[in-house]
$ cat query_30.cif   # mmCIF, C-alpha atoms
data_final
#
loop_
_atom_site.label_atom_id
_atom_site.label_comp_id
_atom_site.auth_asym_id
_atom_site.auth_seq_id
_atom_site.Cartn_x
_atom_site.Cartn_y
_atom_site.Cartn_z
CA MET A 1 -15.33 -12.10 -32.08
CA VAL A 2 -12.54 -11.39 -34.56
CA VAL A 3 -12.69 -7.66 -33.83
CA THR A 4 -12.71 -8.33 -30.08
CA ASP A 5 -9.70 -10.62 -30.39
CA HIS A 6 -7.78 -7.97 -32.30
CA VAL A 7 -8.62 -5.36 -29.65
CA VAL A 8 -7.42 -7.64 -26.85
CA GLU A 9 -4.21 -8.39 -28.74
CA ALA A 10 -3.59 -4.66 -29.24
CA LEU A 11 -4.09 -3.72 -25.58
CA PRO A 12 -0.56 -4.63 -24.37
CA GLY A 13 0.87 -2.32 -27.01
CA VAL A 14 -1.51 0.43 -25.89
CA PHE A 15 -0.46 -0.07 -22.27
CA ARG A 16 3.21 0.20 -23.24
CA LEU A 17 2.47 3.40 -25.14
CA ILE A 18 0.72 4.86 -22.07
CA ASP A 19 3.68 3.76 -19.96
CA LEU A 20 6.15 5.57 -22.20
CA VAL A 21 3.94 8.65 -22.41
CA GLY A 22 4.00 8.71 -18.63
CA VAL A 23 7.78 8.48 -18.63
CA LEU A 24 7.94 11.40 -21.06
CA LEU A 25 5.46 13.56 -19.14
CA ASN A 26 7.11 12.95 -15.80
CA GLY A 27 10.52 13.54 -17.35
CA VAL A 28 9.24 16.90 -18.58
CA LEU A 29 7.80 17.63 -15.13
CA GLY A 30 11.17 16.90 -13.53
CA GLY A 31 12.72 19.28 -16.02
CA ILE A 32 10.17 21.99 -15.24
CA ILE A 33 11.07 21.77 -11.55
CA ALA A 34 14.77 21.89 -12.50
CA ARG A 35 14.08 25.09 -14.45
CA ARG A 36 12.38 26.64 -11.40
CA LYS A 37 15.45 25.73 -9.33
CA ARG A 38 17.74 27.17 -12.05
CA PHE A 39 19.61 23.87 -12.49
CA ASP A 40 21.90 23.07 -15.41
CA LEU A 41 21.42 20.25 -17.91
CA VAL A 42 22.81 17.68 -15.48
CA GLY A 43 20.21 18.71 -12.91
CA PHE A 44 17.50 18.54 -15.57
CA SER A 45 18.55 15.01 -16.51
CA ILE A 46 18.75 13.70 -12.95
CA LEU A 47 15.38 15.14 -11.96
CA ALA A 48 13.79 13.83 -15.16
CA ILE A 49 15.10 10.30 -14.57
CA THR A 50 14.15 10.40 -10.90
CA SER A 51 10.65 11.70 -11.59
CA ALA A 52 9.93 9.39 -14.51
CA LEU A 53 11.61 6.16 -13.44
CA GLY A 54 12.22 6.36 -9.70
CA GLY A 55 9.04 4.58 -8.62
CA GLY A 56 9.45 1.65 -11.00
CA MET A 57 13.14 1.24 -10.19
CA LEU A 58 12.43 1.26 -6.46
CA ARG A 59 9.70 -1.34 -6.97
CA ASP A 60 11.94 -3.67 -8.96
CA ILE A 61 14.74 -3.35 -6.40
CA MET A 62 12.36 -4.18 -3.55
CA LEU A 63 11.00 -7.18 -5.43
CA GLY A 64 14.53 -8.42 -6.12
CA ALA A 65 13.43 -9.57 -9.55
CA GLY A 66 16.64 -8.72 -11.39
CA PRO A 67 17.78 -5.37 -12.82
CA PRO A 68 15.03 -2.72 -13.05
CA VAL A 69 13.18 -2.63 -16.35
CA ALA A 70 14.21 1.02 -16.70
CA LEU A 71 17.80 -0.17 -17.05
CA THR A 72 17.25 -3.23 -19.23
CA ASP A 73 15.02 -1.46 -21.75
CA PRO A 74 16.98 1.53 -23.15
CA LEU A 75 13.80 3.15 -24.44
CA TYR A 76 12.80 4.14 -20.90
CA LEU A 77 15.98 6.07 -20.12
CA ALA A 78 15.96 7.63 -23.56
CA THR A 79 12.36 8.79 -23.15
CA ALA A 80 13.04 10.28 -19.71
CA LEU A 81 16.08 12.16 -21.06
CA LEU A 82 13.99 13.36 -23.99
CA GLY A 83 11.60 14.87 -21.45
CA ALA A 84 14.55 16.64 -19.80
CA VAL A 85 15.70 18.08 -23.13
CA VAL A 86 12.18 19.27 -23.98
CA ALA A 87 11.85 21.04 -20.64
CA PHE A 88 15.37 22.50 -21.00
CA LEU A 89 14.66 23.98 -24.43
CA LEU A 90 11.02 24.98 -24.00
CA PRO A 91 9.63 26.98 -21.04
CA LEU A 92 6.43 24.94 -20.77
CA GLY A 93 3.45 26.27 -18.87
CA GLY A 94 0.03 27.76 -19.30
CA ARG A 95 -3.43 26.30 -19.58
CA TRP A 96 -2.77 23.98 -22.53
CA TRP A 97 0.20 22.31 -20.86
CA ASN A 98 -1.68 21.93 -17.57
CA ARG A 99 -4.59 20.23 -19.31
CA ILE A 100 -2.37 17.86 -21.27
CA TYR A 101 -0.35 16.99 -18.18
CA VAL A 102 -3.39 16.44 -15.93
CA VAL A 103 -5.08 14.05 -18.35
CA GLY A 104 -1.90 12.23 -19.35
CA ASP A 105 -0.63 11.89 -15.80
CA ALA A 106 -4.02 10.63 -14.62
CA LEU A 107 -4.00 7.87 -17.26
CA VAL A 108 -0.45 6.91 -16.35
CA LEU A 109 -1.26 6.84 -12.64
CA GLY A 110 -3.62 3.89 -13.07
CA CYS A 111 -1.30 2.13 -15.50
CA TRP A 112 1.70 2.35 -13.17
CA ALA A 113 -0.32 1.38 -10.10
CA ALA A 114 -1.67 -1.71 -11.87
CA THR A 115 1.80 -2.64 -13.11
CA GLY A 116 3.29 -2.46 -9.63
CA ALA A 117 0.42 -4.38 -8.05
CA THR A 118 0.40 -7.20 -10.59
CA LYS A 119 4.19 -7.57 -10.44
CA ALA A 120 3.94 -7.94 -6.68
CA LEU A 121 1.26 -10.61 -7.05
CA ALA A 122 3.39 -12.43 -9.61
CA GLU A 123 6.19 -12.60 -7.02
CA GLY A 124 3.82 -14.31 -4.58
CA LEU A 125 3.11 -11.32 -2.33
CA GLY A 126 -0.24 -10.67 -0.67
CA VAL A 127 -2.83 -7.99 -1.32
CA LEU A 128 -1.48 -5.32 1.04
CA PRO A 129 2.12 -5.52 -0.25
CA ALA A 130 0.72 -5.47 -3.79
CA VAL A 131 -1.22 -2.28 -3.05
CA LEU A 132 1.89 -0.77 -1.44
CA LEU A 133 4.05 -1.53 -4.48
CA GLY A 134 1.31 -0.35 -6.82
CA VAL A 135 1.14 3.01 -5.07
CA MET A 136 4.93 3.18 -4.84
CA THR A 137 5.25 2.61 -8.57
CA ALA A 138 2.73 5.35 -9.30
CA VAL A 139 3.95 8.06 -6.91
CA GLY A 140 7.44 6.98 -5.79
CA GLY A 141 9.30 8.91 -8.47
CA GLY A 142 7.59 12.15 -7.52
CA VAL A 143 8.33 11.61 -3.83
CA ILE A 144 12.02 10.98 -4.49
CA ARG A 145 12.20 13.99 -6.82
CA ASP A 146 10.65 16.32 -4.23
CA VAL A 147 13.01 15.08 -1.51
CA VAL A 148 16.04 15.54 -3.79
CA VAL A 149 15.20 19.22 -4.34
CA GLY A 150 14.41 19.79 -0.66
CA ASP A 151 10.61 20.07 -0.95
CA VAL A 152 7.92 18.30 1.05
CA PRO A 153 6.49 15.56 -1.20
CA ALA A 154 3.28 16.80 -2.78
CA ILE A 155 1.35 13.63 -1.88
CA PHE A 156 1.80 14.32 1.86
CA GLY A 157 -1.13 16.70 1.94
CA GLY A 158 -2.67 19.91 0.67
CA ASN A 159 -3.34 18.54 -2.82
CA THR A 160 -6.24 16.75 -4.43
CA LEU A 161 -6.48 12.96 -4.28
CA TYR A 162 -3.54 11.31 -6.03
CA ALA A 163 -2.01 8.52 -3.97
CA THR A 164 -5.57 7.59 -2.96
CA SER A 165 -6.43 7.21 -6.65
CA ALA A 166 -3.44 4.88 -7.00
CA VAL A 167 -4.76 2.79 -4.08
CA PHE A 168 -8.12 2.26 -5.77
CA ALA A 169 -6.47 1.59 -9.13
CA SER A 170 -4.24 -1.03 -7.49
CA LEU A 171 -7.23 -2.69 -5.82
CA ALA A 172 -9.08 -2.84 -9.15
CA ALA A 173 -6.10 -4.48 -10.84
CA ILE A 174 -5.62 -6.93 -7.97
CA GLY A 175 -9.28 -7.96 -7.91
CA LEU A 176 -9.36 -8.76 -11.61
CA SER A 177 -5.91 -10.35 -11.56
CA GLU A 178 -7.12 -12.80 -8.93
CA VAL A 179 -9.70 -14.12 -11.41
CA GLY A 180 -7.17 -14.33 -14.24
CA GLU A 181 -8.10 -11.11 -16.04
CA ASP A 182 -4.80 -9.24 -15.95
CA THR A 183 -5.37 -7.32 -19.17
CA VAL A 184 -8.88 -6.26 -18.20
CA GLY A 185 -7.56 -5.38 -14.75
CA MET A 186 -4.99 -3.05 -16.28
CA LEU A 187 -7.68 -1.36 -18.36
CA VAL A 188 -10.06 -0.97 -15.42
CA ALA A 189 -7.25 0.32 -13.21
CA ILE A 190 -6.44 3.02 -15.76
CA VAL A 191 -10.09 4.08 -15.89
CA VAL A 192 -10.44 4.06 -12.09
CA GLY A 193 -7.16 5.87 -11.41
CA ALA A 194 -7.65 8.47 -14.14
CA GLY A 195 -11.33 9.02 -13.39
CA LEU A 196 -10.87 9.54 -9.66
CA SER A 197 -7.79 11.71 -10.11
CA ILE A 198 -9.41 14.01 -12.68
CA ILE A 199 -12.70 14.30 -10.78
CA ALA A 200 -10.78 15.06 -7.58
CA ARG A 201 -8.92 17.88 -9.32
CA ARG A 202 -12.12 19.36 -10.74
CA ARG A 203 -14.02 19.14 -7.46
CA GLY A 204 -11.13 19.86 -5.13
CA TRP A 205 -11.41 16.58 -3.23
CA ARG A 206 -8.74 16.25 -0.55
CA LEU A 207 -8.13 14.01 2.43
CA PRO A 208 -8.64 15.77 5.78
CA ASP A 209 -5.62 16.68 7.87
CA ALA A 210 -5.28 15.78 11.54
CA ASP A 211 -6.47 19.15 12.83
CA SER A 212 -9.75 18.91 10.92
CA VAL A 213 -10.67 15.56 12.47
CA ARG A 214 -11.88 15.91 16.07
CA LEU A 215 -12.42 12.72 18.06
CA GLY A 216 -15.11 14.23 20.24
CA SER A 217 -17.28 15.37 17.37
CA LEU A 218 -16.90 12.04 15.59
CA TRP A 219 -17.84 10.10 18.71
CA SER A 220 -20.78 12.37 19.41
CA ALA A 221 -22.02 12.10 15.84
CA GLY A 222 -21.68 8.35 15.93
CA ARG A 223 -23.88 8.16 19.06
CA GLY A 224 -26.44 10.47 17.52
CA ARG A 225 -26.17 13.19 20.18
CA GLY A 226 -27.13 16.51 18.72
CA GLY A 227 -26.77 18.79 21.72
CA GLY A 228 -23.80 17.29 23.55
CA THR A 229 -21.14 17.81 20.91
CA GLY A 230 -19.49 20.77 22.63
CA GLU A 231 -19.36 19.11 26.05
CA VAL A 232 -17.93 15.87 24.69
CA GLN A 233 -15.37 17.77 22.63
CA GLN A 234 -14.23 19.70 25.69
CA ARG A 235 -13.85 16.50 27.72
CA VAL A 236 -11.75 14.88 24.99
CA ASP A 237 -9.60 17.98 24.61
CA ARG A 238 -9.00 18.15 28.37
CA TRP A 239 -8.10 14.45 28.47
CA TRP A 240 -5.54 14.89 25.68
CA LEU A 241 -3.99 17.98 27.27
CA ARG A 242 -3.76 16.24 30.65
CA HIS A 243 -1.96 13.23 29.19
CA LEU A 244 0.30 15.21 26.89
CA ARG A 245 1.66 17.17 29.87
CA ARG A 246 2.78 14.03 31.66
#

$ encode --input "query_30.cif" --output "structure tokens"
Amino acid sequence: MVVTDHVVEALPGVFRLIDLVGVLLNGVLGGIIARRKRFDLVGFSILAITSALGGGMLRDIMLGAGPPVALTDPLYLATALLGAVVAFLLPLGGRWWNRIYVVGDALVLGCWAATGATKALAEGLGVLPAVLLGVMTAVGGGVIRDVVVGDVPAIFGGNTLYATSAVFASLAAIGLSEVGEDTVGMLVAIVVGAGLSIIARRRGWRLPDADSVRLGSLWSAGRGRGGGTGEVQQRVDRWWLRHLRR
């Protein structure tokens, strides 16, 4: 029991360490993108701060719970800027960096999703807003960073599961938070978010796009018709074309 108590007491410090590692890694990632765009040190710094802290700052602003933690705790800004300096001085890349970033970012994904979700619950919001803020905390910085540099946000498609992993991590944290196990919920969310994200990368799991989902084939499969798929598909396609022309 004594050992278990010590482990439980140490977990918040571990979560904070993971949080700061995530800030550093995403600050470095922002700097790497700044290097590709041939930005100067100001550009490196802005992209690092946006990438590392944008999601959490947006969450805190939406919750209206006072100044964002990224501004009240100077260690966050300092860590993000450290990531910018590292990326400015060192041309990072290659297999070793990719492996470190994938594992570290996957761990942080669950941690940030759980943080956003539990903060939303603490403000009295429901499950769906909590999931939204959990996902926003986890991926919001990357979305803002991509928009700033004129790119389509990576989570919008064509990549392996990422925002989806944040959804499941948020749900895990919310479920355990509802029974009073916030610390365990954070731990489980990290495992769920990291596990799903890493497995998705290894196996190439992606969500389907709109063109790959055909209503006729889904309807036909649902009714168990083996031979009528083509006819049903043609009818659905004709119906859509007829109504789109109006």

$ atom_distance --input "query_30.cif" --atom1 "CA of Asp211 (chain A)" --atom2 "CA of Asp151 (chain A)"
22.0 Å

$ resolve_selection --input "query_30.cif" --expression "the PyMOL selection byres ((chain A and resi 163) around 12)" --output "PyMOL selection string"
chain A and resi 106+109-110+112-113+131-140+142-143+153-157+159-162+164-170+193-194+196-197+200+206-207

$ resolve_selection --input "query_30.cif" --expression "the PyMOL selection byres ((chain A and resi 182) around 12)" --output "PyMOL selection string"
chain A and resi 8+11-12+15+111+114-115+117-119+121-122+170+172-181+183-189

$ residues_around --input "query_30.cif" --residues "Ala84 (chain A)" --least-positions-apart "4" --cutoff "12 Å" --atoms "all atoms listed in the file" --output "NGL selection string"
:A and (23-35 or 39-52 or 77-80 or 88-92)

$ closest_residue --input "query_30.cif" --among "A:Val191, A:Ile100, A:Leu81, A:Ile61" --to "Leu20 (chain A)" --atoms "all atoms listed in the file"
A:Leu81

$ closest_residue --input "query_30.cif" --among "A:Val148, A:Gly13, A:Met62, A:Leu171" --to "Leu128 (chain A)" --atoms "all atoms listed in the file"
A:Leu171

$ atom_distance --input "query_30.cif" --atom1 "CA of Ala87 (chain A)" --atom2 "CA of Arg38 (chain A)"
12.1 Å

$ atom_distance --input "query_30.cif" --atom1 "CA of Leu125 (chain A)" --atom2 "CA of Val69 (chain A)"
19.3 Å

$ decode --input "query_30.cif" --residues "region 82-128 of chain A" --atoms "C-alpha atoms" --output "PDB file, in the first residue's frame"
ATOM      1  CA  LEU A  82      13.526  26.434 -26.304  1.00  0.00           C
ATOM      2  CA  GLY A  83      12.006  24.169 -28.944  1.00  0.00           C
ATOM      3  CA  ALA A  84      12.230  27.019 -31.459  1.00  0.00           C
ATOM      4  CA  VAL A  85      15.906  27.596 -30.650  1.00  0.00           C
ATOM      5  CA  VAL A  86      16.690  23.870 -30.951  1.00  0.00           C
ATOM      6  CA  ALA A  87      15.032  23.685 -34.364  1.00  0.00           C
ATOM      7  CA  PHE A  88      16.768  26.924 -35.444  1.00  0.00           C
ATOM      8  CA  LEU A  89      20.236  25.649 -34.537  1.00  0.00           C
ATOM      9  CA  LEU A  90      19.866  21.975 -35.450  1.00  0.00           C
ATOM     10  CA  PRO A  91      18.469  20.673 -38.775  1.00  0.00           C
ATOM     11  CA  LEU A  92      16.516  17.824 -37.189  1.00  0.00           C
ATOM     12  CA  GLY A  93      15.295  14.928 -39.275  1.00  0.00           C
ATOM     13  CA  GLY A  94      15.934  11.312 -40.075  1.00  0.00           C
ATOM     14  CA  ARG A  95      14.712   8.062 -38.610  1.00  0.00           C
ATOM     15  CA  TRP A  96      15.796   8.687 -35.011  1.00  0.00           C
ATOM     16  CA  TRP A  97      13.994  12.021 -34.796  1.00  0.00           C
ATOM     17  CA  ASN A  98      10.847  10.587 -36.395  1.00  0.00           C
ATOM     18  CA  ARG A  99      10.737   7.747 -33.886  1.00  0.00           C
ATOM     19  CA  ILE A 100      11.261  10.036 -30.902  1.00  0.00           C
ATOM     20  CA  TYR A 101       8.641  12.482 -32.142  1.00  0.00           C
ATOM     21  CA  VAL A 102       6.031   9.815 -32.944  1.00  0.00           C
ATOM     22  CA  VAL A 103       6.255   8.191 -29.510  1.00  0.00           C
ATOM     23  CA  GLY A 104       6.515  11.454 -27.583  1.00  0.00           C
ATOM     24  CA  ASP A 105       3.720  13.140 -29.497  1.00  0.00           C
ATOM     25  CA  ALA A 106       1.471  10.102 -29.066  1.00  0.00           C
ATOM     26  CA  LEU A 107       1.934  10.197 -25.283  1.00  0.00           C
ATOM     27  CA  VAL A 108       1.258  13.918 -25.199  1.00  0.00           C
ATOM     28  CA  LEU A 109      -1.863  13.540 -27.342  1.00  0.00           C
ATOM     29  CA  GLY A 110      -3.653  11.558 -24.639  1.00  0.00           C
ATOM     30  CA  CYS A 111      -2.380  13.801 -21.862  1.00  0.00           C
ATOM     31  CA  TRP A 112      -3.585  16.988 -23.557  1.00  0.00           C
ATOM     32  CA  ALA A 113      -6.921  15.470 -24.555  1.00  0.00           C
ATOM     33  CA  ALA A 114      -7.569  14.351 -20.972  1.00  0.00           C
ATOM     34  CA  THR A 115      -6.547  17.757 -19.613  1.00  0.00           C
ATOM     35  CA  GLY A 116      -8.946  19.586 -21.910  1.00  0.00           C
ATOM     36  CA  ALA A 117     -11.808  17.192 -21.222  1.00  0.00           C
ATOM     37  CA  THR A 118     -11.463  17.254 -17.437  1.00  0.00           C
ATOM     38  CA  LYS A 119     -11.158  21.060 -17.381  1.00  0.00           C
ATOM     39  CA  ALA A 120     -14.392  21.277 -19.339  1.00  0.00           C
ATOM     40  CA  LEU A 121     -16.121  18.947 -16.882  1.00  0.00           C
ATOM     41  CA  ALA A 122     -14.810  21.005 -13.969  1.00  0.00           C
ATOM     42  CA  GLU A 123     -16.492  24.070 -15.504  1.00  0.00           C
ATOM     43  CA  GLY A 124     -19.823  22.233 -15.519  1.00  0.00           C
ATOM     44  CA  LEU A 125     -19.957  21.395 -19.232  1.00  0.00           C
ATOM     45  CA  GLY A 126     -21.451  18.198 -20.619  1.00  0.00           C
ATOM     46  CA  VAL A 127     -19.805  15.216 -22.265  1.00  0.00           C
ATOM     47  CA  LEU A 128     -19.870  16.467 -25.874  1.00  0.00           C
TER      48      LEU A 128
END
